Amino acid sequence: MSSNIKNTRRFINTKFGFFVLTILLFWLKTYISYRMDFTLGAKGGIQEFLLAINPIPAALLIFGIALYFRGKLAYWLMLIINFIESIWLFANIVYYREFSDFLSFGVIKGSGDVQNNLGKSLAEIIHPLDFIVFADIIILIILLLFKVIKVDHCPFKKKNSFAVTILSIVLIFAEFGIANANRSGLLTRTFDNNYIVKYLGLNEYAAFNGYQTYKESKTRSEAKPSDMNDVLKYLKNNRSSPNMEYFGKAKGKNVFILHLESFQQFLMNYKVDGKEVTPNLNKFYNNKSTLSFDNFYHQVSQGKTSDAEMMLENSLFGLPQGSAMVSYGSQNTYQAAPAILAQHGYSTAAFHGDVPSFWNRDNTYKSWGYQYFFDSDYYTEKPSYSVGYGLKDKIFLKDSAKYIQQLPQPFYAKLITLTNHYPYELDKQNQSFPATKTGDDTVDPYVQTAHYLDQAFGEFVNYLNKTGLMKNSMIVLYGDHYGISNNHRPAIAQLLHKKNINSYDLAQFQKVPFMIHMNGLKGGINHTYGGEIDVLPTLLHLLGYKDNNTIQFGNDLLSKHRNQVVAFRNGDLISPKYTVVGGNVYNTKTGSIINPSNNQKKEIKSMQDHVTNELSLSDRVVLGDLLRFYKPKGFNTVDKKDFNYKYSAAMKQLKEANQKKHSDLLNKLHTNDTENLYKTDAPELK
């Protein structure tokens with residue numbers, strides 16, 4: 001026994017021994033993180049085996065670089081490499097906890113756009129135990145400093161270093177071969193980063209993501225007009241005709257888009273301790289003049305809110321990594337809702353109580369054709385007025401009224417709420433609803449901020465009624481993405497009053513509200529399956545624009561002949577018959593997992609191919625900026641130079657537009673101000 005210990009010590013005191021110890025400690029902490037911090041869903045012996053060994057091949061390659069150097073330098077290189085690798089692991093643990101995804105170069109590239117607002121969120125997301133990923137480095141440094149492990153100054157033979165490099169490369173290819181045999185087309189068909197990490201590892205994911213990012217950067221320069229042919233062919237075969245019962249019912253109406261931040265469908269009619277979380281939204285949802293869609297899903301990826309806006313206003317998907325608004329909002333050509341409606345006589349405006357650069361909105365909105373962008377520079381700012389990511393909703397909506405009343409009608413106005421945003425903070429004076437009691441500190445305050453948003457919405461509706469705007473407007477509400485990520489399964493199970501939840505339940509949990517209200521509209525609960533990609537064609541048809549020329553991947557939710565296959569950004573799908581999540585197939589109506597027959601497999605494959613094709617073509621449009629090559633009949637390409645969102649320039653333009661049209665609310669009501677009609681109980685304003 002003692003001889004074995006001596007031999008082990010002797011081995012560890014060699015350069016190669018220290019190398020092996022470093023690899024083992026790195027492997028251990030990575031594998032523990034796979035199990036504790038990520039939900040990778042390894043199933044079966046092969047997947048479990050690959051999950052267990054996948055940190056090793058790349059680690060041998062990267063750490064093995066140090067073996068080519070002598071003395072202390074080799075040891076320091078191993079520690080530095082370990083430190084860099086540990087930062088990458090730590091960053092992914094923190095990011096995954098909130099977003100159920102891994103960091104991409106696209107996200108990192110866009111981080112400067114949102115860094116001013118990340119402080120509070122990061123403070124909530126980071127756990128003290130996360131720093132344990134650096135423990136092995138500290139241990140190794142201590143062992144070296146106290147000479148428990150002594151530096152081996154003997155040179156490590158170059159042929160042995162080279163052998164380690166060759167071994168690592170062989171293992172990487174062997175690993176990929178086994179992975180690809182278990183999941184065919186792993187790197188060509190999947191849109192889900194979880195698969196790559198599960199099968200290949202975090203380092204291999206980083207390398208693949210880097211390659212994807214490089215390829216994306218080349219796509220635009222290599223794109224050509226003929227690339228649009230496949231897109232046009234797809235749209236010709238998949239575009240649905242409007243439902244004439246609804247076509248043009250909102251013609252000439254103002255359009256309000258209310259962006260409900262992080263708001264999920266399960267909140268509708270939901271009660272805590274016998275009290276409705278969202279009584280005002282519930283009333284709206286159940287109104288006979290409201291079309292409410294109860295099978296409507298968010299389809300966002302890493303771009304979260306920006307992905308939702310991209311789909312809503314362009315009927316183009318967000319990207320599989322990063323944010324299209326951040327990376328492609330400034331340079332690309334778009335055929336977005338604001339530009340389409342502006343060319344039909346509408347005034348177009350976006351309202352947002354945060355800095356204009358967030359998600360690159362100040363640049364992207366110009367590309368989309370927004371005439372006005374009322375950002376935080378337009379609102380009174382006091383410390384008590386803001387929480388989390390910007391102005392509190394009650395203050396934001398009330399202060400927006402002074403600009404809404406000046407918009408020439410008809411107008412298209414999008415208002416982005418913020419208070420119901422992670423980490424769901426709300427000061428005591430605004431808390432008027434009990435938190436849930438799941439024991440999850442992230443989840444429990446969610447209903448409190450949702451209730452506050454509901455109160456703000458109720459006040460806004462009262463204003464619309466008092467001013468008469470409700471009578472001549474179409475009010476559209478949608479939830480942009482989930483508020484509670486899939487990493488809170490025990491809490492989600494309690495919220496849904498279930499003992500356990502599976503992948504099917506989590507897929508259904510991705511439903512968000514979508515409502516269209518207009519006086520006289522034939523409303524009711526609509527059960528069609530759809531998502532954010534379908535909003536634009538739905539609204540255009542209601543407004544009476546049969547737009548078969550601009551590029552839209554969605555389909556009118558009211559069409560009688562629409563394809564009801566909902567594509568998720570990771571390649572999963574939901575339809576009225578089947579739910580396909582993570583390779584498993586569920587009966588959508590019952591939630592039970594099924595073993596598909598041969599005929600069912602053909603049907604599901606057809607749906608899967610449709611989803612893959614749809615996502616791929618949309619990506620080609622965005623990445624290649626293909627719309628610069630396509631000039632649709634009846635649409636003029638947006639010139640960003642036409643827009644200036646600086647306060648003085650925008651207000652001058654607004655005044656001139658009012659003098660020309662005389663159709664703003666103030667002119668219609670023969671008054672100088674309608675703010676006195678806006679009543680709020682916001683304690684900060686008293």
# chains A, B, ... in the order shown; residues from 1 in each chain; ligands from 1

call {"tool": "residues_around", "arguments": {"residues": "segment 319-328 of chain A", "least_positions_apart": "5", "cutoff": "9 Å", "atoms": "only C-alpha atoms", "output": "VMD selection string"}}
result
chain A and resid 103 to 110 113 191 to 193 209 213 300 to 304 306 to 307 309 to 310 358 to 361 363 to 364 569 to 570 615 618 to 619 622 to 623 625

call {"tool": "select_by_dssp", "arguments": {"residues": "segment 285-515 of chain A", "states": "strand (DSSP E or B)", "output": "JSON list (two decimals) with N, CA, C and O atoms, in the first residue's frame"}}
result
[["chain", "number", "residue", "atom", "x", "y", "z"],
["A", 290, "THR", "N", -62.94, 39.99, -28.32],
["A", 290, "THR", "CA", -61.51, 39.67, -28.32],
["A", 290, "THR", "C", -61.28, 38.29, -28.90],
["A", 290, "THR", "O", -61.90, 37.31, -28.46],
["A", 291, "LEU", "N", -60.42, 38.21, -29.89],
["A", 291, "LEU", "CA", -59.95, 36.91, -30.39],
["A", 291, "LEU", "C", -58.77, 36.49, -29.52],
["A", 291, "LEU", "O", -57.73, 37.16, -29.50],
["A", 292, "SER", "N", -58.95, 35.43, -28.75],
["A", 292, "SER", "CA", -57.91, 34.96, -27.84],
["A", 292, "SER", "C", -57.42, 33.59, -28.29],
["A", 292, "SER", "O", -58.22, 32.65, -28.43],
["A", 293, "PHE", "N", -56.13, 33.47, -28.49],
["A", 293, "PHE", "CA", -55.55, 32.22, -28.99],
["A", 293, "PHE", "C", -54.91, 31.46, -27.84],
["A", 293, "PHE", "O", -53.96, 31.96, -27.21],
["A", 296, "PHE", "N", -51.01, 29.34, -28.63],
["A", 296, "PHE", "CA", -50.06, 30.26, -29.25],
["A", 296, "PHE", "C", -48.74, 30.17, -28.48],
["A", 296, "PHE", "O", -48.72, 30.29, -27.25],
["A", 297, "TYR", "N", -47.64, 29.97, -29.21],
["A", 297, "TYR", "CA", -46.35, 29.70, -28.57],
["A", 297, "TYR", "C", -45.32, 30.77, -28.92],
["A", 297, "TYR", "O", -45.28, 31.27, -30.04],
["A", 347, "SER", "N", -49.04, 56.38, -39.32],
["A", 347, "SER", "CA", -47.93, 56.85, -38.51],
["A", 347, "SER", "C", -47.44, 55.65, -37.70],
["A", 347, "SER", "O", -48.26, 54.83, -37.26],
["A", 348, "THR", "N", -46.14, 55.54, -37.50],
["A", 348, "THR", "CA", -45.61, 54.36, -36.81],
["A", 348, "THR", "C", -44.69, 54.79, -35.68],
["A", 348, "THR", "O", -43.82, 55.65, -35.86],
["A", 349, "ALA", "N", -44.87, 54.20, -34.51],
["A", 349, "ALA", "CA", -44.10, 54.61, -33.34],
["A", 349, "ALA", "C", -43.88, 53.43, -32.40],
["A", 349, "ALA", "O", -44.77, 52.58, -32.24],
["A", 350, "ALA", "N", -42.72, 53.40, -31.78],
["A", 350, "ALA", "CA", -42.41, 52.41, -30.74],
["A", 350, "ALA", "C", -42.13, 53.15, -29.45],
["A", 350, "ALA", "O", -41.53, 54.23, -29.44],
["A", 351, "PHE", "N", -42.56, 52.56, -28.32],
["A", 351, "PHE", "CA", -42.42, 53.17, -27.00],
["A", 351, "PHE", "C", -41.69, 52.17, -26.09],
["A", 351, "PHE", "O", -42.09, 51.00, -25.99],
["A", 352, "HIS", "N", -40.64, 52.66, -25.42],
["A", 352, "HIS", "CA", -39.82, 51.76, -24.60],
["A", 352, "HIS", "C", -39.17, 52.57, -23.49],
["A", 352, "HIS", "O", -38.46, 53.55, -23.77],
["A", 372, "TYR", "N", -41.07, 57.07, -35.45],
["A", 372, "TYR", "CA", -40.77, 57.61, -34.13],
["A", 372, "TYR", "C", -40.38, 56.48, -33.18],
["A", 372, "TYR", "O", -40.93, 55.38, -33.24],
["A", 373, "PHE", "N", -39.42, 56.79, -32.29],
["A", 373, "PHE", "CA", -39.03, 55.85, -31.25],
["A", 373, "PHE", "C", -38.91, 56.64, -29.95],
["A", 373, "PHE", "O", -37.96, 57.40, -29.75],
["A", 374, "PHE", "N", -39.90, 56.48, -29.08],
["A", 374, "PHE", "CA", -39.92, 57.18, -27.81],
["A", 374, "PHE", "C", -39.25, 56.30, -26.75],
["A", 374, "PHE", "O", -39.86, 55.39, -26.20],
["A", 386, "SER", "N", -38.05, 53.76, -11.71],
["A", 386, "SER", "CA", -37.53, 52.62, -12.45],
["A", 386, "SER", "C", -37.28, 51.43, -11.54],
["A", 386, "SER", "O", -37.03, 51.57, -10.34],
["A", 387, "VAL", "N", -37.32, 50.25, -12.15],
["A", 387, "VAL", "CA", -36.95, 49.02, -11.46],
["A", 387, "VAL", "C", -36.45, 48.04, -12.51],
["A", 387, "VAL", "O", -36.98, 47.98, -13.62],
["A", 390, "GLY", "N", -35.89, 49.26, -16.49],
["A", 390, "GLY", "CA", -36.40, 50.53, -16.97],
["A", 390, "GLY", "C", -37.60, 51.02, -16.19],
["A", 390, "GLY", "O", -37.87, 50.58, -15.06],
["A", 391, "LEU", "N", -38.34, 51.94, -16.80],
["A", 391, "LEU", "CA", -39.50, 52.54, -16.15],
["A", 391, "LEU", "C", -40.54, 51.51, -15.72],
["A", 391, "LEU", "O", -40.82, 50.56, -16.46],
["A", 411, "PHE", "N", -52.59, 55.20, -36.69],
["A", 411, "PHE", "CA", -51.21, 54.94, -36.30],
["A", 411, "PHE", "C", -51.02, 53.49, -35.88],
["A", 411, "PHE", "O", -51.98, 52.78, -35.57],
["A", 412, "TYR", "N", -49.78, 53.10, -35.92],
["A", 412, "TYR", "CA", -49.34, 51.78, -35.46],
["A", 412, "TYR", "C", -48.36, 52.04, -34.33],
["A", 412, "TYR", "O", -47.29, 52.62, -34.54],
["A", 413, "ALA", "N", -48.75, 51.66, -33.11],
["A", 413, "ALA", "CA", -47.95, 51.99, -31.93],
["A", 413, "ALA", "C", -47.65, 50.74, -31.11],
["A", 413, "ALA", "O", -48.57, 50.03, -30.70],
["A", 414, "LYS", "N", -46.38, 50.51, -30.89],
["A", 414, "LYS", "CA", -45.95, 49.36, -30.09],
["A", 414, "LYS", "C", -45.41, 49.86, -28.75],
["A", 414, "LYS", "O", -44.51, 50.69, -28.71],
["A", 415, "LEU", "N", -45.97, 49.33, -27.65],
["A", 415, "LEU", "CA", -45.55, 49.72, -26.32],
["A", 415, "LEU", "C", -44.95, 48.50, -25.61],
["A", 415, "LEU", "O", -45.63, 47.48, -25.44],
["A", 416, "ILE", "N", -43.69, 48.62, -25.21],
["A", 416, "ILE", "CA", -42.96, 47.49, -24.62],
["A", 416, "ILE", "C", -42.93, 47.66, -23.10],
["A", 416, "ILE", "O", -42.25, 48.55, -22.57],
["A", 473, "SER", "N", -59.73, 51.62, -32.64],
["A", 473, "SER", "CA", -58.41, 50.98, -32.60],
["A", 473, "SER", "C", -58.54, 49.47, -32.49],
["A", 473, "SER", "O", -59.54, 48.94, -31.99],
["A", 474, "MET", "N", -57.52, 48.79, -33.00],
["A", 474, "MET", "CA", -57.36, 47.35, -32.80],
["A", 474, "MET", "C", -56.25, 47.18, -31.76],
["A", 474, "MET", "O", -55.14, 47.65, -31.95],
["A", 475, "ILE", "N", -56.57, 46.52, -30.66],
["A", 475, "ILE", "CA", -55.62, 46.34, -29.56],
["A", 475, "ILE", "C", -55.07, 44.92, -29.62],
["A", 475, "ILE", "O", -55.83, 43.94, -29.55],
["A", 476, "VAL", "N", -53.76, 44.81, -29.74],
["A", 476, "VAL", "CA", -53.10, 43.50, -29.86],
["A", 476, "VAL", "C", -52.17, 43.31, -28.67],
["A", 476, "VAL", "O", -51.34, 44.17, -28.37],
["A", 477, "LEU", "N", -52.32, 42.19, -27.98],
["A", 477, "LEU", "CA", -51.47, 41.88, -26.84],
["A", 477, "LEU", "C", -50.75, 40.55, -27.10],
["A", 477, "LEU", "O", -51.37, 39.60, -27.59],
["A", 478, "TYR", "N", -49.49, 40.51, -26.74],
["A", 478, "TYR", "CA", -48.77, 39.24, -26.87],
["A", 478, "TYR", "C", -47.68, 39.13, -25.81],
["A", 478, "TYR", "O", -47.09, 40.12, -25.40],
["A", 479, "GLY", "N", -47.44, 37.90, -25.35],
["A", 479, "GLY", "CA", -46.32, 37.62, -24.46],
["A", 479, "GLY", "C", -45.11, 37.31, -25.31],
["A", 479, "GLY", "O", -45.20, 36.54, -26.27],
["A", 511, "LYS", "N", -46.37, 28.28, -24.00],
["A", 511, "LYS", "CA", -47.47, 29.09, -24.53],
["A", 511, "LYS", "C", -47.41, 30.50, -23.93],
["A", 511, "LYS", "O", -47.11, 30.68, -22.75],
["A", 514, "PHE", "N", -51.88, 35.58, -26.84],
["A", 514, "PHE", "CA", -52.01, 36.42, -28.03],
["A", 514, "PHE", "C", -53.47, 36.78, -28.17],
["A", 514, "PHE", "O", -54.33, 35.90, -28.27],
["A", 515, "MET", "N", -53.77, 38.07, -28.11],
["A", 515, "MET", "CA", -55.15, 38.56, -28.14],
["A", 515, "MET", "C", -55.29, 39.70, -29.13],
["A", 515, "MET", "O", -54.40, 40.55, -29.22]]

call {"tool": "closest_residue", "arguments": {"among": "A:Leu654, A:Tyr647, A:Gly17, A:Arg183", "to": "Tyr379 of chain A", "atoms": "only C-alpha atoms"}}
result
A:Tyr647

call {"tool": "residues_around", "arguments": {"residues": "Asn636 of chain A", "least_positions_apart": "2", "cutoff": "12 Å", "atoms": "only C-alpha atoms", "output": "VMD selection string"}}
result
chain A and resid 333 to 336 339 to 344 368 to 369 549 to 550 627 to 628 630 to 634 638 to 639

call {"tool": "residues_around", "arguments": {"residues": "segment 222-227 of chain A", "least_positions_apart": "4", "cutoff": "8 Å", "atoms": "only C-alpha atoms", "output": "list in words"}}
result
Lys218, Val231, Gly624, Asp625, Leu626, Phe629 and Tyr630 of chain A

call {"tool": "residues_around", "arguments": {"residues": "segment 452-463 of chain A", "least_positions_apart": "3", "cutoff": "10 Å", "atoms": "only C-alpha atoms", "output": "VMD selection string"}}
result
chain A and resid 258 260 to 261 263 277 to 284 392 to 398 400 to 401 417 to 420 426 430 to 433 447 to 449 466 to 470 475 674 to 682

call {"tool": "closest_residue", "arguments": {"among": "A:Leu143, A:Leu200, A:Val255, A:Ala74", "to": "Pro155 of chain A", "atoms": "only C-alpha atoms"}}
result
A:Ala74

call {"tool": "atom_distance", "arguments": {"atom1": "atom CA of His517 of chain A", "atom2": "atom CA of Asn286 of chain A"}}
result
10.3 Å
